[in-house]
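Structure record follows, encoded as C-alpha cells.
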Amino acid sequence: MEQKTKVNAEDGKQELFITREFDLPLELLFTAYTEPEIVEQWMGTKVLQLESRKYGSYQFETSDPKGNKYRFSGVAHEFIPNQKIVRTFEMEGTPFGLQLEFYEFEAVTDSTSKLRMHVIYESVEKRDAVIKQGMVRGIDLAHNRIEKILQKQL
C-alpha cells in the first residue's frame with residue numbers, strides 16, 4: 001500500500017520535510033497534537049505533561065516490548081491554534097539528539113486538511129540515523145492512526 005505521508009529528505013542535509021493530507025477538518029486535525037487523550041491514542045504513549053500554548057512544555061513516556069521505558073519531551077516556542085506549532089523534541093537515552101520541529105496546519109476544504117512538518121536535526125548523521133530506524137514508515141503509520149481515530153468523531 002502506498003504511503004499517504006510524503007517525506008522529503010535530501011542527501012547531505014540535516015533537515016527533512018513531511019507532508020500529509022487528511023480526511024479531517026482542520027480543527028479536528030489540530031487536536032491530534034494538542035489534546036492529551038488523543039495524543040495517547042495515536043502515539044501509543046502516556047502523556048505525562050502537555051501544555052498546548054506558547055512556551056508550554058510536554059513530556060511523553062513509552063515502553064518497548066521488553067518493558068524499557070523511554071521519555072521524550074520539548075518546549076513549544078510558537079503556538080497558533082489551528083495554524084502552527086514550533087517546538088523542540090528530544091528523546092531521552094537515545095543518540096538522536098535534539099531536533100527543532102515546525103508544524104503548519106492548513107484547511108484544504110471544510111472536511112480535509114494538510115499538515116506540513118519541517119524537522120531540523122543537530123547533524124546530517126543524526127537525521128540519517130532516525131530515518132534508518134524506520135521513521136518514514138513510522139510517521140505514515142502514526143498519521144494513519146490519527147485519521148482513523150479522529151474520523152470516529154465526525
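Residues are referred to by chain and number: the chain letter is A, B, ... according to the order shown in the C-alpha cells, the number counts from 1 in that chain, and ligands are numbered separately from 1 in the order shown.
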Which residues, written as a tab-separated table (two decimals) with N, CA and C atoms, in the first residue's frame, have at least one atom at most 10 Å from Phe89 (chain A), with only C-alpha atoms counted and residues fewer than 5 positions away on the same chain left out?
chain	number	residue	atom	x	y	z
A	58	TYR	N	6.07	19.74	27.14
A	58	TYR	CA	5.40	18.44	27.07
A	58	TYR	C	6.39	17.36	27.44
A	59	GLN	N	5.85	16.25	27.92
A	59	GLN	CA	6.67	15.07	28.21
A	59	GLN	C	5.79	13.84	28.04
A	72	PHE	N	10.24	11.30	26.04
A	72	PHE	CA	10.59	12.35	25.11
A	72	PHE	C	9.85	13.61	25.49
A	73	SER	N	10.52	14.73	25.25
A	73	SER	CA	9.99	15.98	25.76
A	73	SER	C	10.45	17.15	24.90
A	74	GLY	N	9.88	18.30	25.20
A	74	GLY	CA	10.26	19.51	24.50
A	74	GLY	C	9.46	20.69	24.98
A	75	VAL	N	9.66	21.82	24.28
A	75	VAL	CA	9.00	23.08	24.61
A	75	VAL	C	8.44	23.68	23.33
A	76	ALA	N	7.23	24.20	23.41
A	76	ALA	CA	6.62	24.90	22.27
A	76	ALA	C	7.13	26.34	22.27
A	97	GLY	N	19.60	13.00	19.65
A	97	GLY	CA	19.80	14.41	19.91
A	97	GLY	C	18.53	15.24	19.83
A	98	LEU	N	18.71	16.52	19.98
A	98	LEU	CA	17.63	17.49	19.96
A	98	LEU	C	17.26	17.82	18.52
A	99	GLN	N	15.97	18.01	18.29
A	99	GLN	CA	15.53	18.46	16.97
A	99	GLN	C	14.55	19.60	17.12
A	100	LEU	N	14.43	20.40	16.08
A	100	LEU	CA	13.50	21.52	16.03
A	100	LEU	C	12.44	21.18	15.01
A	101	GLU	N	11.16	21.30	15.41
A	101	GLU	CA	10.05	20.89	14.55
A	101	GLU	C	9.11	22.06	14.29
A	119	VAL	N	11.48	19.42	9.91
A	119	VAL	CA	12.22	18.95	11.08
A	119	VAL	C	13.71	19.14	10.83
A	121	TYR	N	17.51	18.54	12.40
A	121	TYR	CA	18.29	17.73	13.34
A	121	TYR	C	19.63	18.41	13.62
Members of region 20-141 of chain A assigned helix (DSSP H, G or I) by DSSP, as number ranges by chain: A: 26-31, 36-43, 124-132, 135-141
Residue contacts of region 133-141 of chain A (9 Å, only C-alpha atoms) excluding same-chain residues fewer than 2 positions away, as a PyMOL selection string: chain A and resi 3-7+18+20+128-131+143-146
Contact residues around region 77-84 of chain A with only C-alpha atoms at 9 Å, ignoring same-chain residues under 5 positions, as a ChimeraX atom specification: /A:26-31,52-56,102-107
Expected answer as number ranges by chain: strand (DSSP E) residues in region 37-109 of chain A: A: 46-50, 57-63, 69-80, 84-91, 99-107
Residue neighbourhood Phe60 (chain A), 7 Å, only C-alpha atoms, exclusion window fewer than 4 positions, as a list in words: Thr45, Lys46, Val47, Leu48, Gln49, Arg71, Phe72 and Ser73 of chain A
Distance criterion (only C-alpha atoms): nearest to Leu50 (chain A) out of A:Val108, A:Met117, A:Ile38, A:Val124: A:Ile38
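Distances to Thr112 (chain A) were evaluated for A:Glu125, A:Glu15, A:Glu37, A:Glu147 using only C-alpha atoms, and the minimum falls at A:Glu147.
When only C-alpha atoms are used to measure the gap to Glu90 (chain A), the shortest distance among A:Lys13, A:Lys114, A:Lys132, A:Lys126 belongs to A:Lys126.
Each of A:Val86, A:Leu154, A:Gly67, A:Arg127 was checked against Glu10 (chain A) using only C-alpha atoms; the smallest atom-to-atom distance is that of A:Arg127.
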